[in-house]
Amino acid sequence: MKDFDDREERVGKLKGLGCARKRVEDARFTQGKGNYVDDVKLPGMLFGDFVRSPYAHARIKSIDATAALELPGVIAVLTAEDLKPLNLHWMPTLAGDKQMVLADGKVLFQGQEVAFVVAEDRYIAADAIELVEVDYEDLPVIVDPFEALTTDVVLREDLDTSEPGAHGPRKHHNHIFLWEEGDKTATEQAIESSEVVAEEMVYYHRTHPCPLETCGCVASMDKVNGKLTLWGTFQAPHVVRTVASLLSGIAEHDIRVISPDIGGGFGNKVGVYPGYVCAIVASIVTGKPVKWIEDRMDNLMATAFARDYWMKGRISATKEGKITGLHCHVTADHGAFDACADPTKFPAGFFHICTGSYDIPVAYVGVDGVYTNKAPGGVAYRCSFRVTEAAYFIERMIEVLAIELNMDAAELRRINFIRADQFPYHSALGWEYDSGDYHTAWDKALAAVDYEGLRKEQAERVEAFKRGETRTLLGIGLTHFTEIVGAGPVKNCDILGMGMFDSCEIRIHPTGSATARLGTISQGQGHATTFGQILASEIGISSDNITIEEGDTDTAPYGLGTYGSRSTPVAGAAAAMAGRKIRAKAQMIAAYLLEVHDGDLEWDIDRFVVKGAPDRFKTMTEIAYAAYNQAIPGLEPGLEAVSYYDPPNMTYPFGAYICVMEIDVDTGEHKIRQFYALDDCGTRINPMVIEGQVHGGLTEALAIAMGQEIAYDDLGNCKTGTLMDFFLPTAVETPHYTTDHTETPSPHHPIGAKGVGESPNVGGVPAFSNAVHDAFRAFGLRQSHMPHDHWRVWKIAHDLGLHG
Amino acid sequence: MIPSAFEYHRPADVASAVKLLAELGDDARVLAGGHSLIPMMKLRMAELEHLVDLQAVAELKAISVEDGTVSLGAMVTQHDLIDSEELFRAAPILRETALQIADPQVRYMGTIGGNVANGDPGNDMPGLMQCLGATYVLEGPEGRREVAARDFYEAAYMTDRADDEILVQVRFAATTGGYAYEKQKRKIGDYATAAAAVLIEAEGGTVTRASIAMTNVSDTPVWSEAAADALTGTTCDDAALQAAVDAMLADIDPQEDNRGPIEFKRHLAGVILQRAIARAFQRA
Ligand SMILES: Cc1cc2nc3c(=O)[nH]c(=O)nc-3n(C[C@H](O)[C@H](O)[C@H](O)COP(=O)(O)OP(=O)(O)OC[C@H]3O[C@@H](n4cnc5c(N)ncnc54)[C@H](O)[C@@H]3O)c2cc1C
């Protein structure tokens with residue numbers, strides 16, 4: 001009995017896997033003691049700011065910086081002409097395209113960087129940008145991607161249409177690529193010979209990650225020792241170092257990239273922006289540190305947007321509802337440059353996860369990338385690459401098919417789910433789903449909300465509405481999503497040629513505490529908390545005694561950074577593997593100390609115990625000390641390990657979300673009565689951190705579905721460049737969320753974890769949107785595009801004749 | 001998001017403030033709570049050389065209710081309007097309206113004077129003041145004068161106030177009867193898609209007096225005498241409601257923006273007005 005008590009206590013002290021440990025980061029954040037890039041202040045630091053284009057498409061006839069240069073405190077005004085000798089007026093994008101750093105002869109979107117003013121402080125810089133005179137000649141503006149593919153107007157005069165692009169031949173001067181997956185002919189045949197076919201255009205509108213902290217950097221070139229230090233809001237600091245080295249010619253060991261605390265990234269901080277290049281050049285030219293920090297409008301208008309996918313779908317089924325085929329063609333609006341942040345070989349990311357949670361025998365996807373006069377981007381806004389688009393598409397198509405079949409949408413999902421016994425499951429579009437139990441999750445979710453009861457209430461509401469007794473309708477938004485995260489296997493995933501492995505290095509100190517460094521970088525995910533827990537369970541040292549460090553390329557091992565829910569699947573796996581190396585050496589040390597064979601020892605929470613002799617053991621603290629103070633025959637001193645982890649496969653988290661929404665038919669307003677979110681992210685490292693991630697992601701999903709957008713007028717003016725018009729929900733708009741879970745570990749991940757940070761965005765958007773659609777299903781609505789803000793919801797009711 | 005440089009002045013009384021405005025001329029502007037003016041300056045839509053801050057002018061912070069007349073100094077904040085029990089007893093619609101403006105942070109700073117002097121059609125207080133039949137007191141180099149809120153607004157950001165005048169006080173009669181301020185907005189911190197202020201007095205279920213104004217459905221607030229007349233003498237039945245809405249719709253002229261197209265705004269204005277009338281009548 002005493003033994004048992006002691007074990008409980010030791011597990012408790014460990015604060016390892018499964019513990020709802022408080023986030024160690026929060027002590028500094030809640031006291032306002034974070035250290036963000038704008039907190040970096042260096043002696044003699046200069047400040048850079050951009051002259052931006054007011055036009056969406058125009059030729060630049062001249063730039064006159066005379067008046068700006070005369071303003072006291074202005075050091076320099078850089079234009080493309082100044083960058084040309086360095087060959088830095090253009091830079092490569094992550095998507096195999098190139099992008100202007102500063103406008104070279106023309107501008108292609110409103111807000112584009114035209115000139116970079118360097119001044120003694122940001123106030124002078126702000127005054128100076130007003131004094132730079134740019135003479136523009138406006139050109140016809142193309143904001144519609146369909147028009148872009150037929151118009152004579154050439155956006156990218158720098159490209160030759162007869163030459164193939166990075167992803168194959170280009171059909172038209174505004175066409176970027178056609179990317180295809182699946183068997184087109186077989187899919188078309190299957191659909192044509194099916195009893196029921198549903199067809200719909202599903203648009204996932206352009207939006208923006210809008211992290212609370214905007215993008216920025218400080219570049220400091222030390223001319224004495226030739227070293228460049230770059231602090232910045234980088235989700236992938238090592239990749240930035242490699243790119244900076246390749247672009248600038250500075251040797252990679254002479255560049256140090258530091259991501260300090262980051263105030264949210266959500267994909268917005270993956271790419272390389274003109275501001276970084278200009279700050280580096282300005283620092284090299286002036287010999288002084290140069291800071292560049294975006295303001296909110298810069299961030300919304302010019303740094304990477306997300307989504308903007310026009311998805312034309314056809315789905316077919318038997319009369320009984322068994323799906324027989326799925327066909328999808330996407331017109332993807334990439335804006336002025338193809339600056340999507342996807343693994344190199346996937347110009348549409350992992351969009352081909354769009355068969356979702358369903359066993360669909362045959363499918364085809366074709367994606368046409370298109371240039372328009374809009375800001376470049378196309379980043380994964382809290383989702384793995386284009387997975388939220390895919391999930392929205394299939395979850396809308398399922399609803400449309402249910403309408404076509406006159407069937408309950410929950411039942412239609414159930415009869416098409418991949419069954420638990422089909423895993424590992426090979427999808428028609430080429431993925432190998434690692435594990436899942438969709439039926440169990442679905443039944444649990446439906447029971448939790450009393451689905452039958454809700455449908456009954458909804459039917460009564462419709463009758464009451466028809467009798468004129470109420471003006472609110474009830475919508476039940478269903479979603480069962482399957483995520484694909486953890487990019488990814490080096491054999492097919494890379495960013496600019498860098499394989500998408502990740503890394504962890506651990507040093508155990510003599511007194512039994514540890515420092516671990518990883519190639520990822522937290523932007524609010526709580527890595528310092530959860531990675532400590534993974535390690536605690538592997539190496540038997542309390543997570544309170546493990547410091548997690550990330551984000552400094554001079555100290556952290558090379559890694560590909562944090563996005564696409566890859567940190568736990570990849571770097572978390574590296575941590576576990578490095579921990580196991582530590583434990584293997586610790587076992588040999590313990591065997592020496594206990595004078596037994598290593599095979600006679602077994603691991604017990606925080607120590608090695610001699611099998612059958614529970615009183616003979618060595619704790620990790622004792623072992624750590626021995627590693628540094630004893631000469632152990634056949635073993636090097638010290639206790640350190642490094643692991644570079646190349647995942648064998650992606651992981652496939654999933655979940656069942658249900659949103660119950662009341663809609664005021666006359667005003668278009670909504671009220672979310674209930675939101676139930678069941679997530680299965682495999683092994684759960686810290687339930688409290690998971691819950692926080694789910695709450696945050698659902699709130700972003702609410703924003704996207706119900707109002708958030710980057711909208712342009714016909715002249716390419718961005719209409720949503722401030723937080724007055726760009727919807728960022730507050731606590732007032734945010735409903736209560738009920739979270740729940742099932743736990744289906746990943747069979748190939750060292751601890752079975754799958755990643756969760758992005759699931760709520762992927763699953764949340766269709767749940768909110770389906771609720772709106774479902775409220776009007778009884779009146780004949782099939783499809784209405786997001787965002788479902790007041791006037792658009794009002795318009796649905798109006799067009800259905802519900803305003804009398 | 002950084003304003004151009006300006007000189008900052010902080011007079012201690014109204015007379016000095018008026019004098020400063022007269023001396024500095026066109027390039028000067030009064031600064032109250034700053035929550036309309038400073039955003040405009042940060043966007044460089046307003047570039048001013050001088051700001052005359054009224055924060056130190058104690059005499060502008062007074063609230064009084066005497067002999068059925070409510071007087072508010074221009075620097076009374078929206079938070080003060082919510083906080084004052086005396087005001088709540090005298091004119092409860094003030095609190096109901098102020099609570100629907102922006103968020104607590106904005107309301108701690110934003111003033112009644114700034115809100116009504118600003119001339120932004122999205123501001124809520126001008127419509128309310130027209131509904132209340134308020135009088136504005138302006139002080140300039142020539143002394144004081146009074147102007148009715150219903151005559152004050154000419155077009156967006158264009159008011160009857162001369163550049164060298166300061167709005168010092170807002171005054172109106174305490175209310176009796178039912179009231180409602182109904183507002184639809186996209187989110188906290190947003191201006192109205194449409195809002196309606198309604199005051200109704202009734203006897204034995206019949207409306208004896210009404211006053212109705214709307215916000216952000218034209219380039220000025222819209223006080224509709226015809227809409228009020230449509231209710232007077234009725235029991236606020238469906239026909240009367242509809243007649244009031246029709247009268248209001250004839251007076252408004254909403255424009256398309258991110259909140260929606262004209263067709264939606266006109267429909268919504270009617271819905272919001274009906275709801276405001278119904279609630280005010282219920283309370284009458
Ligand atoms: C996020 C946000 C949301 C908001 N939402 C709303 C809303 O929903 N409804 C609403 O009504 N308002 C809203 N506001 C505006 C807010 O109420 C402002 O505080 C108010 O409009 C102006 O009051 P102020 O005291 O801040 O004036 P200031 O910004 O200081 O001044 C505004 C203008 O009035 C002039 N002025 C100020 N005082 C006087 C005076 N005594 N005499 C002469 N001229 C004067 C100034 O020169 C300036 O031109 C919002 C503001 C923000 C920042």
# chains A, B, ... in the order shown; residues from 1 in each chain; ligands from 1

$ interface_residues --of "chain B" --to "chain A" --cutoff "12 Å" --atoms "only C-alpha atoms" --output "number ranges by chain"
B: 1-5, 39, 42-44, 47, 102-103, 183-194, 256-275

$ residues_near_ligand --ligand "ligand 1" --cutoff "6 Å" --atoms "only C-alpha atoms and all ligand atoms" --output "number ranges by chain"
B: 29-37, 74, 101-102, 106, 110-111, 113-115, 117-118, 123-125, 166-168, 189-191

$ select_by_dssp --residues "range 585-732 of chain A" --states "alpha helix (DSSP H)" --output "number ranges by chain"
A: 585-594, 620-629, 687-706

$ residues_around --residues "range 236-244 of chain B" --least-positions-apart "6" --cutoff "7 Å" --atoms "only C-alpha atoms" --output "compact mmCIF listing (two decimals) with C-alpha atoms, in the first residue's frame"
# COMPACT_ATOMS: atom_id res chain seq x y z
CA ALA B 227 -43.50 59.45 -37.73
CA ALA B 228 -44.37 60.76 -34.27
CA ALA B 230 -48.55 58.80 -36.96
CA GLN B 274 -40.92 49.11 -34.89

$ closest_residue --among "A:Asp408, A:Asp554, A:Asp49, A:Asp615" --to "Gly275 in chain A" --atoms "only C-alpha atoms"
A:Asp49

$ select_by_dssp --residues "range 45-240 of chain B" --states "strand (DSSP E or B)" --output "PyMOL selection string"
chain B and resi 50-53+63-66+69-73+77+111+135-140+143-148+153-155+158-159+166-173+178-184+194-203+206-215+222-223

$ residues_around --residues "Asp606 in chain A" --least-positions-apart "2" --cutoff "6 Å" --atoms "only C-alpha atoms" --output "MDAnalysis selection string"
chainID A and resid 540 604 619:620

$ residues_around --residues "range 683-698 of chain A" --least-positions-apart "3" --cutoff "8 Å" --atoms "only C-alpha atoms" --output "PDB file with C-alpha atoms, in the first residue's frame"
ATOM      1  CA  GLY A  16       4.043  14.727 -17.279  1.00  0.00           C
ATOM      2  CA  LEU A  17       1.649  13.521 -19.974  1.00  0.00           C
ATOM      3  CA  GLY A  18      -2.026  14.087 -19.262  1.00  0.00           C
ATOM      4  CA  CYS A  19      -1.496  16.640 -16.498  1.00  0.00           C
ATOM      5  CA  ALA A  20      -3.512  19.892 -16.637  1.00  0.00           C
ATOM      6  CA  ARG A  21      -0.386  21.811 -15.729  1.00  0.00           C
ATOM      7  CA  LYS A  22      -0.700  25.600 -15.727  1.00  0.00           C
ATOM      8  CA  ARG A  23       1.023  27.316 -18.644  1.00  0.00           C
ATOM      9  CA  ARG A 382      -4.746  28.230 -38.202  1.00  0.00           C
ATOM     10  CA  GLN A 525       0.544  27.415 -28.233  1.00  0.00           C
ATOM     11  CA  GLY A 526       2.264  26.832 -24.892  1.00  0.00           C
ATOM     12  CA  THR A 530       3.573  20.848 -23.113  1.00  0.00           C
ATOM     13  CA  GLN A 533       5.440  17.410 -20.077  1.00  0.00           C
ATOM     14  CA  ILE A 534       6.366  15.086 -22.949  1.00  0.00           C
ATOM     15  CA  ALA A 701     -13.829  30.076 -36.821  1.00  0.00           C
ATOM     16  CA  LEU A 702     -16.803  32.062 -35.557  1.00  0.00           C
ATOM     17  CA  TYR A 737     -18.239  26.272 -25.813  1.00  0.00           C
ATOM     18  CA  THR A 739     -15.610  20.657 -25.146  1.00  0.00           C
ATOM     19  CA  GLU A 743      -8.802   9.451 -27.635  1.00  0.00           C
ATOM     20  CA  THR A 744      -7.531   7.440 -30.594  1.00  0.00           C
ATOM     21  CA  PRO A 745      -3.723   7.507 -30.499  1.00  0.00           C
ATOM     22  CA  SER A 746      -1.669   7.780 -33.655  1.00  0.00           C
ATOM     23  CA  ILE A 751       3.574   9.028 -27.861  1.00  0.00           C
ATOM     24  CA  GLY A 752       0.469   8.738 -30.049  1.00  0.00           C
ATOM     25  CA  ALA A 753      -0.202  12.499 -30.159  1.00  0.00           C
ATOM     26  CA  LYS A 754      -1.730  14.095 -33.233  1.00  0.00           C
ATOM     27  CA  VAL A 756      -4.940  19.982 -31.996  1.00  0.00           C
ATOM     28  CA  GLY A 757      -4.245  23.695 -32.435  1.00  0.00           C
ATOM     29  CA  GLU A 758      -5.926  23.976 -35.781  1.00  0.00           C
ATOM     30  CA  SER A 759      -8.748  21.472 -35.538  1.00  0.00           C
ATOM     31  CA  PRO A 760     -11.225  24.010 -34.141  1.00  0.00           C
ATOM     32  CA  ASN A 761     -10.703  26.350 -37.082  1.00  0.00           C
ATOM     33  CA  GLY A 764     -15.574  25.228 -36.572  1.00  0.00           C
ATOM     34  CA  VAL A 765     -16.091  27.133 -39.809  1.00  0.00           C
TER      35      VAL A 765
END

$ residues_around --residues "range 84-92 of chain B" --least-positions-apart "5" --cutoff "12 Å" --atoms "only C-alpha atoms" --output "PDB file with N, CA, C and O atoms, in the first residue's frame"
ATOM      1  N   ALA B  62     -19.922  69.512 -15.265  1.00  0.00           N
ATOM      2  CA  ALA B  62     -21.059  69.510 -14.340  1.00  0.00           C
ATOM      3  C   ALA B  62     -22.269  68.785 -14.913  1.00  0.00           C
ATOM      4  O   ALA B  62     -22.563  68.854 -16.108  1.00  0.00           O
ATOM      5  N   ILE B  63     -22.977  68.089 -14.005  1.00  0.00           N
ATOM      6  CA  ILE B  63     -24.264  67.470 -14.343  1.00  0.00           C
ATOM      7  C   ILE B  63     -25.276  68.075 -13.391  1.00  0.00           C
ATOM      8  O   ILE B  63     -25.046  68.115 -12.186  1.00  0.00           O
ATOM      9  N   SER B  64     -26.412  68.565 -13.906  1.00  0.00           N
ATOM     10  CA  SER B  64     -27.434  69.028 -12.959  1.00  0.00           C
ATOM     11  C   SER B  64     -28.826  68.715 -13.470  1.00  0.00           C
ATOM     12  O   SER B  64     -29.062  68.647 -14.683  1.00  0.00           O
ATOM     13  N   VAL B  65     -29.717  68.447 -12.515  1.00  0.00           N
ATOM     14  CA  VAL B  65     -31.137  68.277 -12.838  1.00  0.00           C
ATOM     15  C   VAL B  65     -31.882  69.243 -11.926  1.00  0.00           C
ATOM     16  O   VAL B  65     -31.884  69.065 -10.717  1.00  0.00           O
ATOM     17  N   GLU B  66     -32.441  70.284 -12.509  1.00  0.00           N
ATOM     18  CA  GLU B  66     -33.136  71.287 -11.701  1.00  0.00           C
ATOM     19  C   GLU B  66     -34.434  71.677 -12.385  1.00  0.00           C
ATOM     20  O   GLU B  66     -34.431  71.960 -13.591  1.00  0.00           O
ATOM     21  N   ASP B  67     -35.511  71.725 -11.614  1.00  0.00           N
ATOM     22  CA  ASP B  67     -36.822  72.131 -12.136  1.00  0.00           C
ATOM     23  C   ASP B  67     -37.149  71.415 -13.443  1.00  0.00           C
ATOM     24  O   ASP B  67     -37.602  72.025 -14.415  1.00  0.00           O
ATOM     25  N   GLY B  68     -36.870  70.136 -13.454  1.00  0.00           N
ATOM     26  CA  GLY B  68     -37.227  69.363 -14.647  1.00  0.00           C
ATOM     27  C   GLY B  68     -36.328  69.608 -15.837  1.00  0.00           C
ATOM     28  O   GLY B  68     -36.608  69.140 -16.932  1.00  0.00           O
ATOM     29  N   THR B  69     -35.223  70.331 -15.657  1.00  0.00           N
ATOM     30  CA  THR B  69     -34.301  70.541 -16.773  1.00  0.00           C
ATOM     31  C   THR B  69     -32.973  69.845 -16.486  1.00  0.00           C
ATOM     32  O   THR B  69     -32.389  70.018 -15.410  1.00  0.00           O
ATOM     33  N   VAL B  70     -32.552  69.076 -17.450  1.00  0.00           N
ATOM     34  CA  VAL B  70     -31.271  68.380 -17.332  1.00  0.00           C
ATOM     35  C   VAL B  70     -30.212  69.197 -18.053  1.00  0.00           C
ATOM     36  O   VAL B  70     -30.408  69.588 -19.207  1.00  0.00           O
ATOM     37  N   SER B  71     -29.088  69.488 -17.362  1.00  0.00           N
ATOM     38  CA  SER B  71     -27.982  70.203 -18.002  1.00  0.00           C
ATOM     39  C   SER B  71     -26.718  69.367 -17.882  1.00  0.00           C
ATOM     40  O   SER B  71     -26.375  68.900 -16.796  1.00  0.00           O
ATOM     41  N   LEU B  72     -26.085  69.200 -19.013  1.00  0.00           N
ATOM     42  CA  LEU B  72     -24.851  68.394 -19.039  1.00  0.00           C
ATOM     43  C   LEU B  72     -23.726  69.247 -19.579  1.00  0.00           C
ATOM     44  O   LEU B  72     -23.813  69.793 -20.690  1.00  0.00           O
ATOM     45  N   VAL B  76     -18.822  66.003 -19.810  1.00  0.00           N
ATOM     46  CA  VAL B  76     -19.381  64.844 -19.108  1.00  0.00           C
ATOM     47  C   VAL B  76     -19.155  63.618 -20.007  1.00  0.00           C
ATOM     48  O   VAL B  76     -19.462  63.652 -21.202  1.00  0.00           O
ATOM     49  N   THR B  77     -18.590  62.575 -19.446  1.00  0.00           N
ATOM     50  CA  THR B  77     -18.289  61.411 -20.291  1.00  0.00           C
ATOM     51  C   THR B  77     -19.506  60.497 -20.437  1.00  0.00           C
ATOM     52  O   THR B  77     -20.454  60.571 -19.643  1.00  0.00           O
ATOM     53  N   GLN B  78     -19.425  59.634 -21.426  1.00  0.00           N
ATOM     54  CA  GLN B  78     -20.503  58.664 -21.619  1.00  0.00           C
ATOM     55  C   GLN B  78     -20.596  57.736 -20.404  1.00  0.00           C
ATOM     56  O   GLN B  78     -21.681  57.282 -20.046  1.00  0.00           O
ATOM     57  N   HIS B  79     -19.466  57.490 -19.784  1.00  0.00           N
ATOM     58  CA  HIS B  79     -19.499  56.679 -18.567  1.00  0.00           C
ATOM     59  C   HIS B  79     -20.265  57.408 -17.457  1.00  0.00           C
ATOM     60  O   HIS B  79     -21.056  56.799 -16.737  1.00  0.00           O
ATOM     61  N   THR B  97     -28.966  54.460 -23.997  1.00  0.00           N
ATOM     62  CA  THR B  97     -28.226  54.791 -25.217  1.00  0.00           C
ATOM     63  C   THR B  97     -26.728  54.679 -24.988  1.00  0.00           C
ATOM     64  O   THR B  97     -26.012  54.048 -25.776  1.00  0.00           O
ATOM     65  N   ALA B  98     -26.265  55.303 -23.905  1.00  0.00           N
ATOM     66  CA  ALA B  98     -24.816  55.334 -23.671  1.00  0.00           C
ATOM     67  C   ALA B  98     -24.252  53.925 -23.541  1.00  0.00           C
ATOM     68  O   ALA B  98     -23.131  53.649 -23.978  1.00  0.00           O
ATOM     69  N   LEU B  99     -25.043  53.022 -22.966  1.00  0.00           N
ATOM     70  CA  LEU B  99     -24.575  51.643 -22.814  1.00  0.00           C
ATOM     71  C   LEU B  99     -24.369  50.945 -24.156  1.00  0.00           C
ATOM     72  O   LEU B  99     -23.691  49.930 -24.230  1.00  0.00           O
ATOM     73  N   LEU B 128     -30.355  60.987 -30.397  1.00  0.00           N
ATOM     74  CA  LEU B 128     -31.035  60.994 -29.106  1.00  0.00           C
ATOM     75  C   LEU B 128     -31.397  62.430 -28.709  1.00  0.00           C
ATOM     76  O   LEU B 128     -32.501  62.699 -28.224  1.00  0.00           O
ATOM     77  N   MET B 129     -30.462  63.349 -28.927  1.00  0.00           N
ATOM     78  CA  MET B 129     -30.713  64.742 -28.532  1.00  0.00           C
ATOM     79  C   MET B 129     -31.837  65.358 -29.362  1.00  0.00           C
ATOM     80  O   MET B 129     -32.630  66.154 -28.880  1.00  0.00           O
ATOM     81  N   CYS B 131     -34.317  63.614 -30.524  1.00  0.00           N
ATOM     82  CA  CYS B 131     -35.506  62.984 -29.971  1.00  0.00           C
ATOM     83  C   CYS B 131     -35.932  63.713 -28.690  1.00  0.00           C
ATOM     84  O   CYS B 131     -37.118  63.963 -28.462  1.00  0.00           O
ATOM     85  N   LEU B 132     -34.942  64.059 -27.871  1.00  0.00           N
ATOM     86  CA  LEU B 132     -35.221  64.738 -26.602  1.00  0.00           C
ATOM     87  C   LEU B 132     -35.565  66.220 -26.797  1.00  0.00           C
ATOM     88  O   LEU B 132     -35.956  66.893 -25.854  1.00  0.00           O
ATOM     89  N   ARG B 171     -28.695  70.731 -23.011  1.00  0.00           N
ATOM     90  CA  ARG B 171     -29.794  70.905 -22.058  1.00  0.00           C
ATOM     91  C   ARG B 171     -31.087  70.345 -22.634  1.00  0.00           C
ATOM     92  O   ARG B 171     -31.362  70.505 -23.832  1.00  0.00           O
ATOM     93  N   PHE B 172     -31.873  69.702 -21.802  1.00  0.00           N
ATOM     94  CA  PHE B 172     -33.172  69.219 -22.276  1.00  0.00           C
ATOM     95  C   PHE B 172     -34.087  68.977 -21.090  1.00  0.00           C
ATOM     96  O   PHE B 172     -33.612  68.883 -19.942  1.00  0.00           O
ATOM     97  N   ALA B 173     -35.367  68.836 -21.374  1.00  0.00           N
ATOM     98  CA  ALA B 173     -36.346  68.596 -20.308  1.00  0.00           C
ATOM     99  C   ALA B 173     -36.311  67.133 -19.897  1.00  0.00           C
ATOM    100  O   ALA B 173     -36.175  66.244 -20.735  1.00  0.00           O
ATOM    101  N   ALA B 174     -36.424  66.887 -18.591  1.00  0.00           N
ATOM    102  CA  ALA B 174     -36.510  65.519 -18.096  1.00  0.00           C
ATOM    103  C   ALA B 174     -37.700  64.840 -18.763  1.00  0.00           C
ATOM    104  O   ALA B 174     -38.668  65.499 -19.154  1.00  0.00           O
ATOM    105  N   THR B 175     -37.606  63.508 -18.885  1.00  0.00           N
ATOM    106  CA  THR B 175     -38.670  62.817 -19.617  1.00  0.00           C
ATOM    107  C   THR B 175     -39.615  62.114 -18.650  1.00  0.00           C
ATOM    108  O   THR B 175     -39.262  61.796 -17.523  1.00  0.00           O
ATOM    109  N   THR B 176     -40.817  61.891 -19.166  1.00  0.00           N
ATOM    110  CA  THR B 176     -41.758  61.025 -18.454  1.00  0.00           C
ATOM    111  C   THR B 176     -42.246  60.030 -19.501  1.00  0.00           C
ATOM    112  O   THR B 176     -42.062  60.242 -20.697  1.00  0.00           O
ATOM    113  N   GLY B 177     -42.825  58.962 -19.048  1.00  0.00           N
ATOM    114  CA  GLY B 177     -43.376  58.016 -20.019  1.00  0.00           C
ATOM    115  C   GLY B 177     -42.371  56.982 -20.475  1.00  0.00           C
ATOM    116  O   GLY B 177     -41.341  56.756 -19.835  1.00  0.00           O
ATOM    117  N   GLY B 178     -42.710  56.354 -21.606  1.00  0.00           N
ATOM    118  CA  GLY B 178     -41.906  55.238 -22.094  1.00  0.00           C
ATOM    119  C   GLY B 178     -40.762  55.706 -22.972  1.00  0.00           C
ATOM    120  O   GLY B 178     -40.822  56.777 -23.577  1.00  0.00           O
ATOM    121  N   TYR B 179     -39.736  54.881 -23.039  1.00  0.00           N
ATOM    122  CA  TYR B 179     -38.565  55.243 -23.840  1.00  0.00           C
ATOM    123  C   TYR B 179     -37.934  53.976 -24.377  1.00  0.00           C
ATOM    124  O   TYR B 179     -38.094  52.885 -23.817  1.00  0.00           O
ATOM    125  N   ALA B 180     -37.183  54.111 -25.453  1.00  0.00           N
ATOM    126  CA  ALA B 180     -36.367  52.988 -25.935  1.00  0.00           C
ATOM    127  C   ALA B 180     -35.291  53.512 -26.867  1.00  0.00           C
ATOM    128  O   ALA B 180     -35.541  54.416 -27.671  1.00  0.00           O
ATOM    129  N   TYR B 181     -34.095  52.982 -26.712  1.00  0.00           N
ATOM    130  CA  TYR B 181     -33.050  53.194 -27.715  1.00  0.00           C
ATOM    131  C   TYR B 181     -32.685  51.820 -28.253  1.00  0.00           C
ATOM    132  O   TYR B 181     -32.175  50.960 -27.541  1.00  0.00           O
ATOM    133  N   ALA B 197     -34.268  56.175 -31.545  1.00  0.00           N
ATOM    134  CA  ALA B 197     -34.598  56.693 -30.211  1.00  0.00           C
ATOM    135  C   ALA B 197     -36.078  57.046 -30.210  1.00  0.00           C
ATOM    136  O   ALA B 197     -36.553  57.760 -31.100  1.00  0.00           O
ATOM    137  N   VAL B 198     -36.798  56.513 -29.225  1.00  0.00           N
ATOM    138  CA  VAL B 198     -38.246  56.755 -29.181  1.00  0.00           C
ATOM    139  C   VAL B 198     -38.673  57.128 -27.760  1.00  0.00           C
ATOM    140  O   VAL B 198     -38.285  56.469 -26.793  1.00  0.00           O
ATOM    141  N   LEU B 199     -39.464  58.184 -27.659  1.00  0.00           N
ATOM    142  CA  LEU B 199     -40.096  58.575 -26.394  1.00  0.00           C
ATOM    143  C   LEU B 199     -41.599  58.587 -26.635  1.00  0.00           C
ATOM    144  O   LEU B 199     -42.065  59.128 -27.641  1.00  0.00           O
ATOM    145  N   ALA B 280     -40.951  51.140 -26.237  1.00  0.00           N
ATOM    146  CA  ALA B 280     -41.244  52.411 -25.560  1.00  0.00           C
ATOM    147  C   ALA B 280     -42.709  52.451 -25.141  1.00  0.00           C
ATOM    148  O   ALA B 280     -43.052  52.893 -24.034  1.00  0.00           O
ATOM    149  N   ARG B 283     -43.435  50.509 -22.093  1.00  0.00           N
ATOM    150  CA  ARG B 283     -42.938  51.154 -20.871  1.00  0.00           C
ATOM    151  C   ARG B 283     -43.730  52.425 -20.538  1.00  0.00           C
ATOM    152  O   ARG B 283     -43.484  53.044 -19.499  1.00  0.00           O
TER     153      ARG B 283
END

$ closest_residue --among "A:Leu678, A:Ile710, A:Leu42, A:Ile323" --to "Arg414 in chain A" --atoms "only C-alpha atoms"
A:Ile323

$ closest_residue --among "A:Glu195, A:Glu163, A:Asp359, A:Asp679" --to "Asn416 in chain A" --atoms "only C-alpha atoms"
A:Asp359

$ atom_distance --atom1 "CA of Val118 in chain A" --atom2 "CA of Ala282 in chain A"
7.4 Å

$ atom_distance --atom1 "CA of Asn717 in chain A" --atom2 "CA of Gly48 in chain A"
24.4 Å

$ closest_atom_pairs --of "range 641-684 of chain A" --to "range 429-438 of chain A" --cutoff "9 Å" --atoms "only C-alpha atoms" --output "tab-separated table"
residue	atom	partner	partner_atom	distance
A:Asn649	CA	A:Glu432	CA	7.8
A:Met650	CA	A:Asp434	CA	7.7
A:Thr651	CA	A:Asp434	CA	6.3
A:Tyr652	CA	A:Tyr433	CA	6.1
A:Pro653	CA	A:Gly436	CA	7.9
A:Phe654	CA	A:Gly436	CA	7.5
A:Gly655	CA	A:Tyr438	CA	8.0
A:Ala656	CA	A:Tyr438	CA	8.3
A:Asp680	CA	A:Gly436	CA	8.4
A:Gly682	CA	A:Ser435	CA	8.8
